[in-house]
>>> print(open('query_32.cif').read())   # mmCIF, C-alpha atoms and all ligand atoms
data_entry
#
loop_
_atom_site.label_atom_id
_atom_site.label_comp_id
_atom_site.auth_asym_id
_atom_site.auth_seq_id
_atom_site.Cartn_x
_atom_site.Cartn_y
_atom_site.Cartn_z
CA MET A 1 89.95 208.20 -85.82
CA ALA A 2 87.93 209.55 -82.92
CA THR A 3 85.37 207.12 -81.55
CA ILE A 4 82.79 209.93 -81.38
CA GLU A 5 82.84 213.07 -83.45
CA VAL A 6 80.27 215.84 -83.11
CA LYS A 7 80.21 218.66 -85.64
CA ASP A 8 78.35 221.96 -85.27
CA LEU A 9 75.45 220.44 -83.39
CA TYR A 10 72.26 222.39 -82.72
CA PHE A 11 69.17 220.96 -81.07
CA GLY A 12 66.20 222.07 -79.03
CA TYR A 13 62.78 221.01 -77.86
CA LYS A 14 59.98 222.78 -79.73
CA ASP A 15 61.52 226.16 -80.50
CA GLU A 16 63.80 226.43 -77.45
CA LYS A 17 67.45 225.93 -78.36
CA VAL A 18 69.19 223.63 -75.86
CA ILE A 19 72.36 222.56 -77.68
CA ASP A 20 73.91 225.62 -79.18
CA GLY A 21 76.65 224.90 -81.69
CA VAL A 22 78.66 222.10 -80.11
CA SER A 23 81.66 220.39 -81.71
CA PHE A 24 84.02 217.88 -80.12
CA GLU A 25 85.85 214.62 -80.60
CA ILE A 26 86.30 211.84 -78.09
CA GLU A 27 89.20 209.45 -78.50
CA LYS A 28 88.63 205.76 -77.97
CA GLY A 29 89.25 204.66 -74.40
CA ASN A 30 88.77 208.06 -72.81
CA LEU A 31 86.74 208.61 -69.68
CA VAL A 32 84.95 211.92 -70.15
CA SER A 33 82.75 213.73 -67.64
CA LEU A 34 80.08 216.24 -68.64
CA ILE A 35 79.54 218.78 -65.90
CA GLY A 36 77.42 221.91 -65.77
CA PRO A 37 74.45 223.42 -63.98
CA ASN A 38 70.88 222.06 -64.11
CA GLY A 39 69.43 222.63 -67.55
CA SER A 40 72.80 223.20 -69.25
CA GLY A 41 72.14 220.38 -71.74
CA LYS A 42 74.00 217.35 -70.34
CA SER A 43 71.12 214.87 -70.58
CA THR A 44 70.12 216.21 -73.97
CA MET A 45 73.69 215.77 -75.24
CA ILE A 46 73.82 212.21 -73.89
CA LYS A 47 70.54 211.35 -75.61
CA LEU A 48 71.73 212.87 -78.89
CA LEU A 49 74.81 210.64 -78.65
CA ASN A 50 72.46 207.65 -78.45
CA ASN A 51 70.49 208.79 -81.49
CA LEU A 52 67.31 209.40 -79.49
CA TYR A 53 66.76 212.82 -81.06
CA THR A 54 67.37 214.22 -84.52
CA PRO A 55 69.62 217.30 -84.42
CA TRP A 56 68.34 220.56 -85.91
CA GLU A 57 71.70 220.96 -87.55
CA GLY A 58 75.07 219.27 -87.45
CA LYS A 59 76.29 215.71 -87.46
CA ILE A 60 77.34 212.97 -85.07
CA PHE A 61 79.74 210.23 -86.15
CA VAL A 62 80.33 206.99 -84.25
CA GLU A 63 83.50 205.19 -85.29
CA GLY A 64 83.48 207.23 -88.47
CA LYS A 65 79.90 206.47 -89.47
CA GLU A 66 76.97 208.86 -89.20
CA ILE A 67 74.91 207.91 -86.18
CA ASN A 68 71.58 207.93 -88.02
CA SER A 69 72.83 205.40 -90.55
CA PHE A 70 73.16 202.62 -87.97
CA ARG A 71 70.47 200.00 -87.53
CA LYS A 72 69.09 200.07 -84.01
CA LYS A 73 70.65 196.79 -82.90
CA GLU A 74 73.94 197.64 -84.60
CA LEU A 75 74.15 200.90 -82.63
CA ALA A 76 73.19 199.09 -79.42
CA ARG A 77 76.17 196.76 -79.87
CA LYS A 78 78.40 199.86 -79.87
CA ILE A 79 76.68 202.16 -77.38
CA ALA A 80 74.85 201.47 -74.13
CA LEU A 81 72.88 204.16 -72.34
CA VAL A 82 72.22 204.41 -68.63
CA PRO A 83 69.55 207.14 -68.42
CA GLN A 84 69.18 209.72 -65.64
CA ASN A 85 65.90 208.35 -64.31
CA SER A 86 65.03 204.83 -65.25
CA SER A 87 61.65 203.62 -64.23
CA ILE A 88 60.36 200.21 -65.09
CA ASN A 89 56.69 199.60 -64.47
CA TYR A 90 56.55 195.93 -65.36
CA ASP A 91 57.52 193.42 -62.73
CA PHE A 92 60.44 191.87 -64.55
CA THR A 93 63.03 190.33 -62.30
CA VAL A 94 66.47 191.89 -61.98
CA GLU A 95 67.98 189.04 -63.97
CA GLU A 96 65.41 189.44 -66.77
CA ILE A 97 66.29 193.13 -67.10
CA VAL A 98 70.02 192.42 -67.22
CA ARG A 99 69.44 189.68 -69.82
CA MET A 100 67.80 192.28 -72.05
CA GLY A 101 71.29 193.72 -72.46
CA ARG A 102 72.06 190.68 -74.63
CA TYR A 103 69.25 191.33 -77.17
CA PRO A 104 71.36 193.42 -79.56
CA HIS A 105 73.71 190.44 -79.90
CA LYS A 106 71.01 187.93 -80.76
CA LYS A 107 69.18 187.28 -83.97
CA ARG A 108 65.40 187.15 -83.82
CA PHE A 109 64.26 184.06 -81.96
CA GLN A 110 67.87 183.06 -81.29
CA ARG A 111 68.17 181.45 -77.86
CA GLU A 112 70.56 182.56 -75.18
CA ASP A 113 73.61 180.37 -74.86
CA GLU A 114 76.16 179.61 -72.17
CA GLU A 115 78.20 182.70 -73.08
CA ASP A 116 75.20 185.01 -72.62
CA HIS A 117 74.56 183.36 -69.30
CA GLU A 118 78.11 183.97 -68.11
CA ILE A 119 78.10 187.59 -69.30
CA VAL A 120 74.82 188.30 -67.48
CA GLU A 121 76.07 186.65 -64.31
CA LYS A 122 79.33 188.61 -64.38
CA ALA A 123 77.49 191.90 -65.03
CA MET A 124 75.33 191.27 -61.96
CA LYS A 125 78.28 190.27 -59.80
CA ASP A 126 80.30 193.33 -60.90
CA THR A 127 77.47 195.68 -59.95
CA ASN A 128 76.58 193.94 -56.71
CA THR A 129 73.12 192.99 -57.97
CA TYR A 130 73.57 189.23 -58.16
CA GLU A 131 71.93 188.73 -54.77
CA LEU A 132 68.90 190.64 -56.06
CA ARG A 133 68.55 188.59 -59.26
CA ASP A 134 65.17 186.99 -58.48
CA LYS A 135 63.55 190.14 -57.11
CA ALA A 136 61.04 192.17 -59.12
CA VAL A 137 62.55 195.46 -60.29
CA THR A 138 59.40 197.20 -59.03
CA GLU A 139 60.36 196.09 -55.53
CA ILE A 140 63.93 197.26 -55.20
CA SER A 141 65.31 200.61 -54.08
CA GLY A 142 66.24 203.48 -56.40
CA GLY A 143 69.95 202.87 -55.95
CA GLU A 144 69.55 199.14 -56.51
CA LEU A 145 67.60 199.82 -59.71
CA GLN A 146 70.35 202.17 -60.88
CA ARG A 147 72.91 199.37 -60.41
CA VAL A 148 70.63 196.93 -62.29
CA ILE A 149 70.44 199.33 -65.25
CA ILE A 150 74.23 199.61 -65.18
CA ALA A 151 74.45 195.80 -65.13
CA LYS A 152 72.22 195.68 -68.22
CA ALA A 153 74.53 198.16 -69.95
CA LEU A 154 77.56 196.01 -69.06
CA ALA A 155 75.84 192.88 -70.42
CA GLN A 156 75.44 194.75 -73.69
CA LYS A 157 79.26 194.69 -74.01
CA PRO A 158 79.40 198.00 -75.84
CA SER A 159 82.54 199.88 -76.84
CA ILE A 160 80.98 203.12 -75.54
CA ILE A 161 78.92 203.58 -72.38
CA LEU A 162 76.91 206.76 -71.83
CA LEU A 163 75.77 207.31 -68.26
CA ASP A 164 73.55 210.12 -67.09
CA GLU A 165 74.23 210.79 -63.41
CA PRO A 166 74.88 207.14 -62.60
CA THR A 167 75.81 207.88 -59.01
CA SER A 168 72.94 210.22 -58.13
CA HIS A 169 70.89 207.62 -56.24
CA LEU A 170 73.82 205.72 -54.79
CA ASP A 171 75.23 205.74 -51.30
CA LEU A 172 78.88 206.73 -50.92
CA ASN A 173 80.17 203.17 -51.00
CA HIS A 174 78.24 202.27 -54.15
CA GLN A 175 79.19 205.55 -55.84
CA ILE A 176 82.84 204.68 -55.50
CA GLU A 177 82.23 201.04 -56.40
CA ILE A 178 80.45 201.98 -59.65
CA LEU A 179 83.03 204.59 -60.59
CA ASN A 180 85.84 202.12 -59.86
CA LEU A 181 84.07 199.57 -62.03
CA LEU A 182 83.72 202.08 -64.88
CA ARG A 183 87.39 202.98 -64.60
CA LYS A 184 88.35 199.30 -64.61
CA LEU A 185 86.31 198.70 -67.79
CA ASN A 186 87.89 201.77 -69.24
CA LYS A 187 91.45 200.65 -68.47
CA GLU A 188 91.09 196.92 -69.12
CA LYS A 189 88.68 196.82 -72.06
CA ASN A 190 89.41 200.29 -73.43
CA THR A 191 85.69 201.07 -73.18
CA THR A 192 84.97 204.73 -73.86
CA ILE A 193 82.96 206.17 -70.98
CA ILE A 194 80.95 209.39 -71.10
CA VAL A 195 79.28 210.35 -67.89
CA ALA A 196 77.15 213.32 -66.87
CA ILE A 197 77.90 213.99 -63.23
CA HIS A 198 77.20 216.79 -60.78
CA ASP A 199 79.86 215.92 -58.26
CA ILE A 200 82.89 217.85 -59.48
CA ASN A 201 85.14 216.28 -56.87
CA LEU A 202 84.32 212.81 -58.20
CA ALA A 203 84.70 214.02 -61.80
CA THR A 204 88.25 215.25 -61.15
CA MET A 205 89.17 211.93 -59.50
CA TYR A 206 88.06 209.73 -62.37
CA SER A 207 88.12 211.69 -65.63
CA ASP A 208 90.70 211.91 -68.39
CA GLU A 209 88.77 214.86 -69.71
CA ILE A 210 86.04 217.15 -68.43
CA PHE A 211 83.56 219.00 -70.66
CA MET A 212 82.03 221.97 -68.91
CA LEU A 213 78.60 222.86 -70.27
CA SER A 214 76.66 226.05 -69.76
CA GLY A 215 73.63 227.19 -71.72
CA GLY A 216 74.05 224.44 -74.31
CA LYS A 217 77.64 225.34 -75.13
CA ILE A 218 80.90 223.72 -74.11
CA VAL A 219 82.58 226.58 -72.31
CA ASP A 220 85.76 224.65 -71.58
CA ARG A 221 87.12 221.14 -72.05
CA GLY A 222 90.33 219.35 -71.26
CA SER A 223 92.11 217.79 -68.32
CA PRO A 224 90.64 218.37 -64.85
CA GLU A 225 93.60 220.69 -64.18
CA LYS A 226 92.70 222.84 -67.17
CA VAL A 227 88.94 222.99 -66.64
CA ILE A 228 88.44 223.01 -62.88
CA THR A 229 89.63 226.49 -62.14
CA LYS A 230 88.25 229.03 -59.70
CA ARG A 231 87.43 231.30 -62.63
CA ASN A 232 85.52 228.64 -64.62
CA ILE A 233 83.54 227.36 -61.65
CA GLU A 234 82.62 230.82 -60.42
CA PHE A 235 81.60 231.86 -63.92
CA VAL A 236 79.47 228.80 -64.72
CA TYR A 237 77.93 228.12 -61.30
CA ASN A 238 77.89 231.70 -60.08
CA LEU A 239 79.31 230.53 -56.77
CA PRO A 240 82.49 231.57 -54.97
CA VAL A 241 84.75 228.55 -54.50
CA ALA A 242 88.24 227.55 -53.51
CA VAL A 243 90.02 225.05 -55.75
CA HIS A 244 92.65 222.99 -53.99
CA ARG A 245 94.48 219.71 -54.30
CA ASN A 246 93.06 216.87 -52.26
CA LYS A 247 95.98 215.58 -50.24
CA TYR A 248 94.61 212.03 -50.15
CA THR A 249 93.70 211.58 -53.82
CA ASN A 250 96.00 214.19 -55.33
CA SER A 251 93.08 215.29 -57.54
CA LEU A 252 91.56 218.76 -57.56
CA SER A 253 88.75 219.51 -55.15
CA ILE A 254 86.42 222.44 -54.82
CA THR A 255 84.94 223.89 -51.69
CA PRO A 256 82.06 226.41 -51.84
CA LEU A 257 82.98 229.55 -49.93
CA ASN A 258 79.64 231.22 -49.20
CA VAL A 259 78.54 228.73 -46.58
N1 LIG B 1 61.64 216.58 -73.07
C1 LIG B 1 61.83 217.91 -72.98
N2 LIG B 1 60.95 218.78 -73.50
C2 LIG B 1 61.14 220.12 -73.42
N3 LIG B 1 62.22 220.69 -72.85
C3 LIG B 1 63.14 219.87 -72.33
C4 LIG B 1 63.00 218.44 -72.36
N4 LIG B 1 64.09 217.89 -71.76
C5 LIG B 1 64.85 218.92 -71.36
N5 LIG B 1 64.30 220.11 -71.70
C6 LIG B 1 64.89 221.43 -71.46
O1 LIG B 1 66.17 221.46 -72.06
C7 LIG B 1 67.12 222.11 -71.23
C8 LIG B 1 68.32 221.18 -70.99
O2 LIG B 1 67.87 220.06 -70.27
P1 LIG B 1 68.81 218.84 -69.92
O3 LIG B 1 67.93 217.81 -69.35
O4 LIG B 1 69.62 218.47 -71.10
O5 LIG B 1 69.75 219.52 -68.81
P2 LIG B 1 70.79 218.84 -67.82
O6 LIG B 1 72.09 219.56 -68.00
O7 LIG B 1 70.80 217.39 -67.98
O8 LIG B 1 70.18 219.23 -66.40
P3 LIG B 1 70.18 218.41 -65.00
O9 LIG B 1 71.50 218.72 -64.36
O10 LIG B 1 69.06 219.04 -64.23
O11 LIG B 1 69.97 216.97 -65.26
C9 LIG B 1 66.38 222.52 -69.98
O12 LIG B 1 66.06 223.88 -70.10
C10 LIG B 1 65.14 221.68 -70.00
O13 LIG B 1 64.06 222.36 -69.42
MG MG B 2 70.28 215.81 -66.78
#
>>> encode(input="query_32.cif", output="structure tokens")
Amino acid sequence: MATIEVKDLYFGYKDEKVIDGVSFEIEKGNLVSLIGPNGSGKSTMIKLLNNLYTPWEGKIFVEGKEINSFRKKELARKIALVPQNSSINYDFTVEEIVRMGRYPHKKRFQREDEEDHEIVEKAMKDTNTYELRDKAVTEISGGELQRVIIAKALAQKPSIILLDEPTSHLDLNHQIEILNLLRKLNKEKNTTIIVAIHDINLATMYSDEIFMLSGGKIVDRGSPEKVITKRNIEFVYNLPVAVHRNKYTNSLSITPLNV
């Protein structure tokens, strides 16, 4: 059974169609990248997979069960979302935000225990935010906040993590660190990872599968080798490129040619 199954999905805001007849399955333990130009529907798709919108038509199944039949906390134990732009206006500390990741696992008024404590501490250490734990989240940098939100998602211990451009605010070192961490979770805990990402060269390095979106449709999906072709990239991004193998990583790389 696929961990996520999407059937004939249509969705839009007001009367503008944004997801235009999308169907796919994602196997448990896959690391999938969603790529595509601005406005192609990546963030919308990610939010639909977290049950934040009601589709116009079509269905989404999570581990065989329709997504809208889950209770909120039950779904949060399965899926964690790291949104594209998180902003937190209250001056919670970093540690308080990460601890919120444990809520779906607690009954009302149930206290945190030693296990919660350890999970929160590990999530902060894994994301390099432990040193920041007593700082207010209103007083840290954009990249630091992004790592805190990822730590919260890790503390949630979900079987699926959805991340919307998790590396967009990160410096090169932290980009690689976060992607390595996601791959480690993916390999060691079999966590399914779905990530919207603009950097195609990073996507080819880390993904089992790439979904290429354009105009709310999946125009191609499959291994990086299948999807990242000169023809596909030029068609979807309207940009002449060379596709070549990176001699250091052995993954495919693209270089824009009209520079
Ligand atoms: N809340 C909203 N209300 C109305 N229209 C929206 C809303 N969010 C997105 N859209 C529109 O839906 C389309 C798809 O947006 P979406 O955010 O899913 O694209 P994206 O692929 O994530 O783009 P980006 O790469 O810029 O993040 C765009 O045309 C956008 O203008
Ligand atoms: Mg987006």
>>> residues_near_ligand(input="query_32.cif", ligand="ligand MG 2 (chain B)", cutoff="8 Å", atoms="all atoms listed in the file", output="JSON, numbers by chain")
{"A": [38, 39, 41, 42, 43, 44, 84, 164, 165, 196]}
>>> residues_near_ligand(input="query_32.cif", ligand="ligand LIG 1 (chain B)", cutoff="12 Å", atoms="only C-alpha atoms and all ligand atoms", output="MDAnalysis selection string")
chainID A and resid 11:20 34:48 52:53 83:85 163:166 168 195:199 211:218 237
>>> residues_around(input="query_32.cif", residues="segment 101-112 of chain A", least_positions_apart="4", cutoff="6 Å", atoms="only C-alpha atoms", output="CSV table (one decimal) with C-alpha atoms, in the coordinates of the input")
chain,number,residue,atom,x,y,z
A,73,LYS,CA,70.6,196.8,-82.9
A,76,ALA,CA,73.2,199.1,-79.4
A,77,ARG,CA,76.2,196.8,-79.9
A,116,ASP,CA,75.2,185.0,-72.6
A,152,LYS,CA,72.2,195.7,-68.2
A,155,ALA,CA,75.8,192.9,-70.4
A,156,GLN,CA,75.4,194.8,-73.7
>>> closest_residue(input="query_32.cif", among="A:Val137, A:Ile150, A:Ile26, A:Met205", to="Ser87 of chain A", atoms="only C-alpha atoms")
A:Val137
>>> closest_residue(input="query_32.cif", among="A:Thr54, A:Ser253, A:Thr129, A:Ser223", to="Ile149 of chain A", atoms="only C-alpha atoms")
A:Thr129
>>> residues_around(input="query_32.cif", residues="Lys187 of chain A", least_positions_apart="2", cutoff="12 Å", atoms="all atoms listed in the file", output="JSON, numbers by chain")
{"A": [28, 29, 30, 31, 180, 181, 182, 183, 184, 185, 189, 190, 191, 192, 193, 206, 207, 208]}
>>> atom_distance(input="query_32.cif", atom1="atom CA of Val243 of chain A", atom2="atom CA of Gly222 of chain A")
16.5 Å
>>> closest_residue(input="query_32.cif", among="A:Gly142, A:Pro55, A:Gly64, A:Pro224", to="Asn201 of chain A", atoms="only C-alpha atoms")
A:Pro224
>>> residues_near_point(input="query_32.cif", point="(76.6, 220.1, -88.1)", cutoff="7 Å", atoms="all atoms listed in the file", output="ChimeraX atom specification")
/A:7-9,57-59
>>> atom_distance(input="query_32.cif", atom1="atom CA of Thr167 of chain A", atom2="atom CA of Ile60 of chain A")
26.6 Å
>>> residues_around(input="query_32.cif", residues="Lys122 of chain A", least_positions_apart="5", cutoff="12 Å", atoms="all atoms listed in the file", output="list in words")
Glu95, Val98, Arg99, Glu115, Asp116, His117, Thr127, Asn128, Thr129, Tyr130, Arg133, Ala151, Lys152, Leu154, Ala155, Gln156 and Lys157 of chain A
>>> atom_distance(input="query_32.cif", atom1="atom CA of Ala203 of chain A", atom2="atom CA of Leu239 of chain A")
18.1 Å
>>> closest_residue(input="query_32.cif", among="A:Leu170, A:Ile176, A:Val219, A:Val241", to="Val22 of chain A", atoms="only C-alpha atoms")
A:Val219
>>> closest_residue(input="query_32.cif", among="A:Val94, A:Ile228, A:Ile200, A:Ile67", to="Leu132 of chain A", atoms="all atoms listed in the file")
A:Val94
>>> axis_aligned_box(input="query_32.cif", around="segment 27-41 of chain A", padding_each_side="5 Å", output="lines of an AutoDock Vina configuration file")
center_x = 79.3
center_y = 214.0
center_z = -71.2
size_x = 29.8
size_y = 28.8
size_z = 24.5
>>> residues_around(input="query_32.cif", residues="Leu81 of chain A", least_positions_apart="5", cutoff="7 Å", atoms="only C-alpha atoms", output="JSON list (two decimals) with C-alpha atoms, in the frame of the given file")
[["chain", "number", "residue", "atom", "x", "y", "z"],
["A", 153, "ALA", "CA", 74.53, 198.16, -69.95],
["A", 161, "ILE", "CA", 78.92, 203.58, -72.38],
["A", 162, "LEU", "CA", 76.91, 206.76, -71.83],
["A", 163, "LEU", "CA", 75.77, 207.31, -68.26]]
>>> residues_near_point(input="query_32.cif", point="(79.4, 226.8, -52.2)", cutoff="10 Å", atoms="only C-alpha atoms", output="NGL selection string")
:A and (234 or 237-242 or 254-259)
>>> build_atoms(input="query_32.cif", residues="segment 24-35 of chain A", atoms="all heavy atoms", output="PDB file, in the coordinates of the input")
ATOM      1  N   PHE A  24      82.925 218.487 -80.897  1.00  0.00           N
ATOM      2  CA  PHE A  24      84.020 217.880 -80.120  1.00  0.00           C
ATOM      3  C   PHE A  24      84.336 216.505 -80.688  1.00  0.00           C
ATOM      4  O   PHE A  24      83.566 215.937 -81.478  1.00  0.00           O
ATOM      5  CB  PHE A  24      83.666 217.785 -78.632  1.00  0.00           C
ATOM      6  CG  PHE A  24      82.435 216.973 -78.307  1.00  0.00           C
ATOM      7  CD1 PHE A  24      82.489 215.592 -78.215  1.00  0.00           C
ATOM      8  CD2 PHE A  24      81.219 217.605 -78.080  1.00  0.00           C
ATOM      9  CE1 PHE A  24      81.354 214.854 -77.901  1.00  0.00           C
ATOM     10  CE2 PHE A  24      80.073 216.866 -77.772  1.00  0.00           C
ATOM     11  CZ  PHE A  24      80.143 215.488 -77.685  1.00  0.00           C
ATOM     12  N   GLU A  25      85.477 215.998 -80.266  1.00  0.00           N
ATOM     13  CA  GLU A  25      85.850 214.620 -80.600  1.00  0.00           C
ATOM     14  C   GLU A  25      86.188 213.911 -79.306  1.00  0.00           C
ATOM     15  O   GLU A  25      86.715 214.517 -78.388  1.00  0.00           O
ATOM     16  CB  GLU A  25      87.081 214.598 -81.512  1.00  0.00           C
ATOM     17  CG  GLU A  25      86.797 215.150 -82.876  1.00  0.00           C
ATOM     18  CD  GLU A  25      88.003 215.053 -83.794  1.00  0.00           C
ATOM     19  OE1 GLU A  25      89.048 214.508 -83.372  1.00  0.00           O
ATOM     20  OE2 GLU A  25      87.894 215.535 -84.926  1.00  0.00           O
ATOM     21  N   ILE A  26      85.875 212.639 -79.248  1.00  0.00           N
ATOM     22  CA  ILE A  26      86.300 211.840 -78.090  1.00  0.00           C
ATOM     23  C   ILE A  26      87.111 210.661 -78.606  1.00  0.00           C
ATOM     24  O   ILE A  26      86.668 209.913 -79.486  1.00  0.00           O
ATOM     25  CB  ILE A  26      85.073 211.369 -77.274  1.00  0.00           C
ATOM     26  CG1 ILE A  26      84.385 212.600 -76.645  1.00  0.00           C
ATOM     27  CG2 ILE A  26      85.495 210.380 -76.189  1.00  0.00           C
ATOM     28  CD1 ILE A  26      83.133 212.291 -75.869  1.00  0.00           C
ATOM     29  N   GLU A  27      88.324 210.544 -78.082  1.00  0.00           N
ATOM     30  CA  GLU A  27      89.200 209.450 -78.500  1.00  0.00           C
ATOM     31  C   GLU A  27      88.764 208.158 -77.831  1.00  0.00           C
ATOM     32  O   GLU A  27      88.275 208.159 -76.702  1.00  0.00           O
ATOM     33  CB  GLU A  27      90.656 209.746 -78.092  1.00  0.00           C
ATOM     34  CG  GLU A  27      91.276 210.933 -78.799  1.00  0.00           C
ATOM     35  CD  GLU A  27      91.220 210.835 -80.318  1.00  0.00           C
ATOM     36  OE1 GLU A  27      91.420 209.721 -80.857  1.00  0.00           O
ATOM     37  OE2 GLU A  27      90.923 211.861 -80.967  1.00  0.00           O
ATOM     38  N   LYS A  28      88.989 207.058 -78.523  1.00  0.00           N
ATOM     39  CA  LYS A  28      88.630 205.760 -77.970  1.00  0.00           C
ATOM     40  C   LYS A  28      89.363 205.535 -76.645  1.00  0.00           C
ATOM     41  O   LYS A  28      90.534 205.861 -76.502  1.00  0.00           O
ATOM     42  CB  LYS A  28      89.007 204.652 -78.958  1.00  0.00           C
ATOM     43  CG  LYS A  28      88.626 203.285 -78.434  1.00  0.00           C
ATOM     44  CD  LYS A  28      88.563 202.234 -79.506  1.00  0.00           C
ATOM     45  CE  LYS A  28      88.268 200.879 -78.900  1.00  0.00           C
ATOM     46  NZ  LYS A  28      87.110 200.840 -78.002  1.00  0.00           N
ATOM     47  N   GLY A  29      88.627 204.996 -75.676  1.00  0.00           N
ATOM     48  CA  GLY A  29      89.250 204.660 -74.400  1.00  0.00           C
ATOM     49  C   GLY A  29      89.356 205.813 -73.430  1.00  0.00           C
ATOM     50  O   GLY A  29      89.975 205.675 -72.382  1.00  0.00           O
ATOM     51  N   ASN A  30      88.755 206.948 -73.764  1.00  0.00           N
ATOM     52  CA  ASN A  30      88.770 208.060 -72.810  1.00  0.00           C
ATOM     53  C   ASN A  30      87.600 207.968 -71.835  1.00  0.00           C
ATOM     54  O   ASN A  30      86.550 207.436 -72.177  1.00  0.00           O
ATOM     55  CB  ASN A  30      88.703 209.400 -73.543  1.00  0.00           C
ATOM     56  CG  ASN A  30      90.077 209.997 -73.731  1.00  0.00           C
ATOM     57  OD1 ASN A  30      91.094 209.335 -73.501  1.00  0.00           O
ATOM     58  ND2 ASN A  30      90.134 211.243 -74.143  1.00  0.00           N
ATOM     59  N   LEU A  31      87.827 208.481 -70.655  1.00  0.00           N
ATOM     60  CA  LEU A  31      86.740 208.610 -69.680  1.00  0.00           C
ATOM     61  C   LEU A  31      86.455 210.110 -69.555  1.00  0.00           C
ATOM     62  O   LEU A  31      87.304 210.869 -69.094  1.00  0.00           O
ATOM     63  CB  LEU A  31      87.161 207.991 -68.347  1.00  0.00           C
ATOM     64  CG  LEU A  31      86.034 207.632 -67.386  1.00  0.00           C
ATOM     65  CD1 LEU A  31      86.521 206.629 -66.339  1.00  0.00           C
ATOM     66  CD2 LEU A  31      85.418 208.819 -66.699  1.00  0.00           C
ATOM     67  N   VAL A  32      85.289 210.500 -70.046  1.00  0.00           N
ATOM     68  CA  VAL A  32      84.950 211.920 -70.150  1.00  0.00           C
ATOM     69  C   VAL A  32      83.761 212.235 -69.246  1.00  0.00           C
ATOM     70  O   VAL A  32      82.753 211.526 -69.273  1.00  0.00           O
ATOM     71  CB  VAL A  32      84.576 212.272 -71.616  1.00  0.00           C
ATOM     72  CG1 VAL A  32      84.148 213.731 -71.733  1.00  0.00           C
ATOM     73  CG2 VAL A  32      85.747 211.989 -72.549  1.00  0.00           C
ATOM     74  N   SER A  33      83.880 213.284 -68.451  1.00  0.00           N
ATOM     75  CA  SER A  33      82.750 213.730 -67.640  1.00  0.00           C
ATOM     76  C   SER A  33      82.129 214.978 -68.253  1.00  0.00           C
ATOM     77  O   SER A  33      82.851 215.884 -68.691  1.00  0.00           O
ATOM     78  CB  SER A  33      83.197 214.092 -66.229  1.00  0.00           C
ATOM     79  OG  SER A  33      83.561 212.934 -65.529  1.00  0.00           O
ATOM     80  N   LEU A  34      80.806 215.020 -68.272  1.00  0.00           N
ATOM     81  CA  LEU A  34      80.080 216.240 -68.640  1.00  0.00           C
ATOM     82  C   LEU A  34      79.590 216.866 -67.345  1.00  0.00           C
ATOM     83  O   LEU A  34      78.863 216.228 -66.590  1.00  0.00           O
ATOM     84  CB  LEU A  34      78.863 215.933 -69.506  1.00  0.00           C
ATOM     85  CG  LEU A  34      79.028 215.077 -70.752  1.00  0.00           C
ATOM     86  CD1 LEU A  34      77.694 214.971 -71.500  1.00  0.00           C
ATOM     87  CD2 LEU A  34      80.094 215.652 -71.670  1.00  0.00           C
ATOM     88  N   ILE A  35      80.043 218.086 -67.088  1.00  0.00           N
ATOM     89  CA  ILE A  35      79.540 218.780 -65.900  1.00  0.00           C
ATOM     90  C   ILE A  35      78.869 220.071 -66.344  1.00  0.00           C
ATOM     91  O   ILE A  35      79.047 220.517 -67.484  1.00  0.00           O
ATOM     92  CB  ILE A  35      80.661 219.064 -64.867  1.00  0.00           C
ATOM     93  CG1 ILE A  35      81.699 220.032 -65.435  1.00  0.00           C
ATOM     94  CG2 ILE A  35      81.342 217.779 -64.416  1.00  0.00           C
ATOM     95  CD1 ILE A  35      82.619 220.604 -64.371  1.00  0.00           C
TER      96      ILE A  35
END
